[in-house]
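Report on the following structure.
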Amino acid sequence: MNRPCTEAGWCHWHHAGAPALALISVAPAVGGRDLYACAECRTTYRLSPAVDAPAGASREAGTDG
């Protein structure tokens, strides 16, 4: 999978399809699968797209990366 942004697909936070997604976490850091979030979930859960996160920083709110 590993697409950075904007394609329609599955949001891993609200568990449904969404028209535009951003890559949040890249496999294998999260158990071997890339995780994508829609715009609403990125706002709600304060998620940063993987391409925007500083090197070595955790991409998910509330984790210790």
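Ordered as shown in the structure tokens, chains take letters A, B, and onward, while each chain numbers its residues from 1 and ligands are numbered from 1 in the order shown.
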
Near-Glu40 in chain A list (10 Å; only C-alpha atoms; drop same-chain fewer than 2 positions) as a ChimeraX atom specification: /A:11,13-14,18,21,37-38,42-47

Save out the residues we just selected, N, CA and C atoms, as a PDB file, in the first residue's frame.
ATOM      1  N   CYS A  11      -9.966   4.148   6.470  1.00  0.00           N
ATOM      2  CA  CYS A  11      -9.426   4.866   7.633  1.00  0.00           C
ATOM      3  C   CYS A  11      -9.305   3.871   8.777  1.00  0.00           C
ATOM      4  N   TRP A  13      -8.713   4.508  11.851  1.00  0.00           N
ATOM      5  CA  TRP A  13      -9.167   5.041  13.136  1.00  0.00           C
ATOM      6  C   TRP A  13     -10.673   4.922  13.301  1.00  0.00           C
ATOM      7  N   HIS A  14     -11.463   5.255  12.284  1.00  0.00           N
ATOM      8  CA  HIS A  14     -12.916   5.107  12.444  1.00  0.00           C
ATOM      9  C   HIS A  14     -13.448   3.866  11.720  1.00  0.00           C
ATOM     10  N   ALA A  18     -13.110   6.312   3.397  1.00  0.00           N
ATOM     11  CA  ALA A  18     -13.019   7.774   3.430  1.00  0.00           C
ATOM     12  C   ALA A  18     -12.508   8.254   2.072  1.00  0.00           C
ATOM     13  N   LEU A  21      -7.160  10.238   2.356  1.00  0.00           N
ATOM     14  CA  LEU A  21      -6.423   9.705   3.500  1.00  0.00           C
ATOM     15  C   LEU A  21      -5.009  10.238   3.532  1.00  0.00           C
ATOM     16  N   ALA A  37      -5.301   7.582   7.943  1.00  0.00           N
ATOM     17  CA  ALA A  37      -6.386   8.275   8.643  1.00  0.00           C
ATOM     18  C   ALA A  37      -6.998   9.336   7.744  1.00  0.00           C
ATOM     19  N   CYS A  38      -8.313   9.504   7.869  1.00  0.00           N
ATOM     20  CA  CYS A  38      -9.018  10.548   7.124  1.00  0.00           C
ATOM     21  C   CYS A  38      -8.790  11.896   7.816  1.00  0.00           C
ATOM     22  N   ARG A  42      -7.689  12.662  11.709  1.00  0.00           N
ATOM     23  CA  ARG A  42      -6.416  13.350  11.963  1.00  0.00           C
ATOM     24  C   ARG A  42      -6.634  14.532  12.893  1.00  0.00           C
ATOM     25  N   THR A  43      -7.746  15.249  12.716  1.00  0.00           N
ATOM     26  CA  THR A  43      -8.062  16.381  13.588  1.00  0.00           C
ATOM     27  C   THR A  43      -8.476  15.890  14.979  1.00  0.00           C
ATOM     28  N   THR A  44      -9.400  14.949  15.021  1.00  0.00           N
ATOM     29  CA  THR A  44      -9.931  14.439  16.290  1.00  0.00           C
ATOM     30  C   THR A  44      -8.847  13.839  17.174  1.00  0.00           C
ATOM     31  N   TYR A  45      -7.964  13.029  16.589  1.00  0.00           N
ATOM     32  CA  TYR A  45      -6.937  12.318  17.362  1.00  0.00           C
ATOM     33  C   TYR A  45      -5.562  12.980  17.293  1.00  0.00           C
ATOM     34  N   ARG A  46      -5.507  14.182  16.716  1.00  0.00           N
ATOM     35  CA  ARG A  46      -4.258  14.954  16.583  1.00  0.00           C
ATOM     36  C   ARG A  46      -3.133  14.113  15.970  1.00  0.00           C
ATOM     37  N   LEU A  47      -3.433  13.507  14.834  1.00  0.00           N
ATOM     38  CA  LEU A  47      -2.466  12.670  14.125  1.00  0.00           C
ATOM     39  C   LEU A  47      -1.715  13.504  13.100  1.00  0.00           C
TER      40      LEU A  47
END

All helix (DSSP H, G or I) positions in range 7-58 of chain A, as a list in words: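 Taking range 7-58 of chain A and keeping helix (DSSP H, G or I) gives Ala39, Glu40, Cys41, Arg42, Thr43 and Thr44 of chain A.
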
Could you turn the residues from that selection into a file that holds all heavy atoms, as a compact mmCIF listing (two decimals), in the first residue's frame?
# COMPACT_ATOMS: atom_id res chain seq x y z
N ALA A 39 -9.20 12.97 7.17
CA ALA A 39 -9.00 14.32 7.71
C ALA A 39 -9.68 14.50 9.06
O ALA A 39 -9.11 15.08 9.99
CB ALA A 39 -9.50 15.35 6.71
N GLU A 40 -10.91 14.00 9.20
CA GLU A 40 -11.63 14.16 10.47
C GLU A 40 -10.92 13.44 11.61
O GLU A 40 -10.77 13.99 12.71
CB GLU A 40 -13.06 13.65 10.33
CG GLU A 40 -13.88 13.90 11.58
CD GLU A 40 -15.34 13.51 11.43
OE1 GLU A 40 -15.82 13.37 10.28
OE2 GLU A 40 -15.99 13.34 12.46
N CYS A 41 -10.45 12.22 11.37
CA CYS A 41 -9.73 11.48 12.41
C CYS A 41 -8.37 12.11 12.72
O CYS A 41 -7.94 12.13 13.87
CB CYS A 41 -9.58 10.01 12.01
SG CYS A 41 -11.13 9.08 12.13
N ARG A 42 -7.69 12.66 11.71
CA ARG A 42 -6.42 13.35 11.96
C ARG A 42 -6.63 14.53 12.89
O ARG A 42 -5.83 14.78 13.80
CB ARG A 42 -5.77 13.79 10.65
CG ARG A 42 -5.25 12.62 9.84
CD ARG A 42 -4.34 13.03 8.70
NE ARG A 42 -4.82 14.10 7.86
CZ ARG A 42 -5.56 13.94 6.75
NH1 ARG A 42 -5.93 12.71 6.40
NH2 ARG A 42 -5.93 14.96 6.03
N THR A 43 -7.75 15.25 12.72
CA THR A 43 -8.06 16.38 13.59
C THR A 43 -8.48 15.89 14.98
O THR A 43 -7.95 16.35 15.99
CB THR A 43 -9.19 17.23 12.98
OG1 THR A 43 -8.75 17.74 11.72
CG2 THR A 43 -9.57 18.39 13.89
N THR A 44 -9.40 14.95 15.02
CA THR A 44 -9.93 14.44 16.29
C THR A 44 -8.85 13.84 17.17
O THR A 44 -8.79 14.11 18.38
CB THR A 44 -11.02 13.38 16.02
OG1 THR A 44 -12.07 13.97 15.27
CG2 THR A 44 -11.57 12.81 17.32

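Residues in contact with range 23-29 of chain A at 6 Å, where only C-alpha atoms are counted and same-chain residues fewer than 2 positions away are skipped, are listed as Pro4, Gly31, Gly32, Arg33, Asp34, Leu35, Tyr36, Pro49 and Ala50 of chain A.
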
Could you dump the residues just selected with all heavy atoms as a PDB file, in the first residue's frame?
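Full text of part.pdb as output:
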ATOM      1  N   PRO A   4       1.271   8.111   0.221  1.00  0.00           N
ATOM      2  CA  PRO A   4       1.376   9.167   1.216  1.00  0.00           C
ATOM      3  C   PRO A   4       0.083   9.888   1.538  1.00  0.00           C
ATOM      4  O   PRO A   4      -0.187  10.150   2.689  1.00  0.00           O
ATOM      5  CB  PRO A   4       2.394  10.134   0.623  1.00  0.00           C
ATOM      6  CG  PRO A   4       2.427   9.833  -0.817  1.00  0.00           C
ATOM      7  CD  PRO A   4       1.997   8.407  -0.994  1.00  0.00           C
ATOM      8  N   GLY A  31       3.454  -3.281  13.372  1.00  0.00           N
ATOM      9  CA  GLY A  31       3.053  -4.665  13.199  1.00  0.00           C
ATOM     10  C   GLY A  31       2.932  -5.128  11.759  1.00  0.00           C
ATOM     11  O   GLY A  31       2.193  -6.053  11.476  1.00  0.00           O
ATOM     12  N   GLY A  32       3.623  -4.477  10.848  1.00  0.00           N
ATOM     13  CA  GLY A  32       3.660  -4.954   9.488  1.00  0.00           C
ATOM     14  C   GLY A  32       2.628  -4.377   8.546  1.00  0.00           C
ATOM     15  O   GLY A  32       2.444  -4.888   7.456  1.00  0.00           O
ATOM     16  N   ARG A  33       1.914  -3.326   8.931  1.00  0.00           N
ATOM     17  CA  ARG A  33       0.967  -2.711   8.004  1.00  0.00           C
ATOM     18  C   ARG A  33       0.991  -1.195   8.132  1.00  0.00           C
ATOM     19  O   ARG A  33       1.177  -0.647   9.214  1.00  0.00           O
ATOM     20  CB  ARG A  33      -0.448  -3.232   8.215  1.00  0.00           C
ATOM     21  CG  ARG A  33      -1.015  -2.878   9.564  1.00  0.00           C
ATOM     22  CD  ARG A  33      -2.373  -3.484   9.754  1.00  0.00           C
ATOM     23  NE  ARG A  33      -2.841  -3.095  11.085  1.00  0.00           N
ATOM     24  CZ  ARG A  33      -4.086  -2.951  11.397  1.00  0.00           C
ATOM     25  NH1 ARG A  33      -5.016  -3.165  10.514  1.00  0.00           N
ATOM     26  NH2 ARG A  33      -4.428  -2.596  12.607  1.00  0.00           N
ATOM     27  N   ASP A  34       0.808  -0.526   7.011  1.00  0.00           N
ATOM     28  CA  ASP A  34       0.721   0.926   7.012  1.00  0.00           C
ATOM     29  C   ASP A  34      -0.655   1.330   7.547  1.00  0.00           C
ATOM     30  O   ASP A  34      -1.640   0.634   7.319  1.00  0.00           O
ATOM     31  CB  ASP A  34       0.872   1.472   5.595  1.00  0.00           C
ATOM     32  CG  ASP A  34       2.241   1.183   4.996  1.00  0.00           C
ATOM     33  OD1 ASP A  34       3.172   0.855   5.757  1.00  0.00           O
ATOM     34  OD2 ASP A  34       2.365   1.287   3.773  1.00  0.00           O
ATOM     35  N   LEU A  35      -0.713   2.434   8.275  1.00  0.00           N
ATOM     36  CA  LEU A  35      -1.978   2.921   8.809  1.00  0.00           C
ATOM     37  C   LEU A  35      -2.316   4.275   8.203  1.00  0.00           C
ATOM     38  O   LEU A  35      -1.462   5.161   8.133  1.00  0.00           O
ATOM     39  CB  LEU A  35      -1.902   3.062  10.336  1.00  0.00           C
ATOM     40  CG  LEU A  35      -1.646   1.772  11.112  1.00  0.00           C
ATOM     41  CD1 LEU A  35      -1.554   2.071  12.603  1.00  0.00           C
ATOM     42  CD2 LEU A  35      -2.729   0.740  10.841  1.00  0.00           C
ATOM     43  N   TYR A  36      -3.582   4.428   7.780  1.00  0.00           N
ATOM     44  CA  TYR A  36      -4.054   5.656   7.148  1.00  0.00           C
ATOM     45  C   TYR A  36      -5.200   6.243   7.953  1.00  0.00           C
ATOM     46  O   TYR A  36      -5.982   5.512   8.552  1.00  0.00           O
ATOM     47  CB  TYR A  36      -4.543   5.355   5.731  1.00  0.00           C
ATOM     48  CG  TYR A  36      -3.417   4.942   4.810  1.00  0.00           C
ATOM     49  CD1 TYR A  36      -3.001   3.631   4.739  1.00  0.00           C
ATOM     50  CD2 TYR A  36      -2.761   5.894   4.045  1.00  0.00           C
ATOM     51  CE1 TYR A  36      -1.950   3.261   3.909  1.00  0.00           C
ATOM     52  CE2 TYR A  36      -1.712   5.532   3.215  1.00  0.00           C
ATOM     53  CZ  TYR A  36      -1.317   4.216   3.151  1.00  0.00           C
ATOM     54  OH  TYR A  36      -0.287   3.868   2.334  1.00  0.00           O
ATOM     55  N   PRO A  49       0.558  13.321   9.545  1.00  0.00           N
ATOM     56  CA  PRO A  49       0.980  12.445   8.445  1.00  0.00           C
ATOM     57  C   PRO A  49       2.459  12.093   8.570  1.00  0.00           C
ATOM     58  O   PRO A  49       3.266  12.903   9.027  1.00  0.00           O
ATOM     59  CB  PRO A  49       0.719  13.280   7.196  1.00  0.00           C
ATOM     60  CG  PRO A  49      -0.360  14.232   7.612  1.00  0.00           C
ATOM     61  CD  PRO A  49      -0.069  14.541   9.057  1.00  0.00           C
ATOM     62  N   ALA A  50       2.812  10.894   8.170  1.00  0.00           N
ATOM     63  CA  ALA A  50       4.189  10.418   8.284  1.00  0.00           C
ATOM     64  C   ALA A  50       5.161  11.344   7.561  1.00  0.00           C
ATOM     65  O   ALA A  50       6.274  11.555   8.022  1.00  0.00           O
ATOM     66  CB  ALA A  50       4.293   8.999   7.722  1.00  0.00           C
TER      67      ALA A  50
END
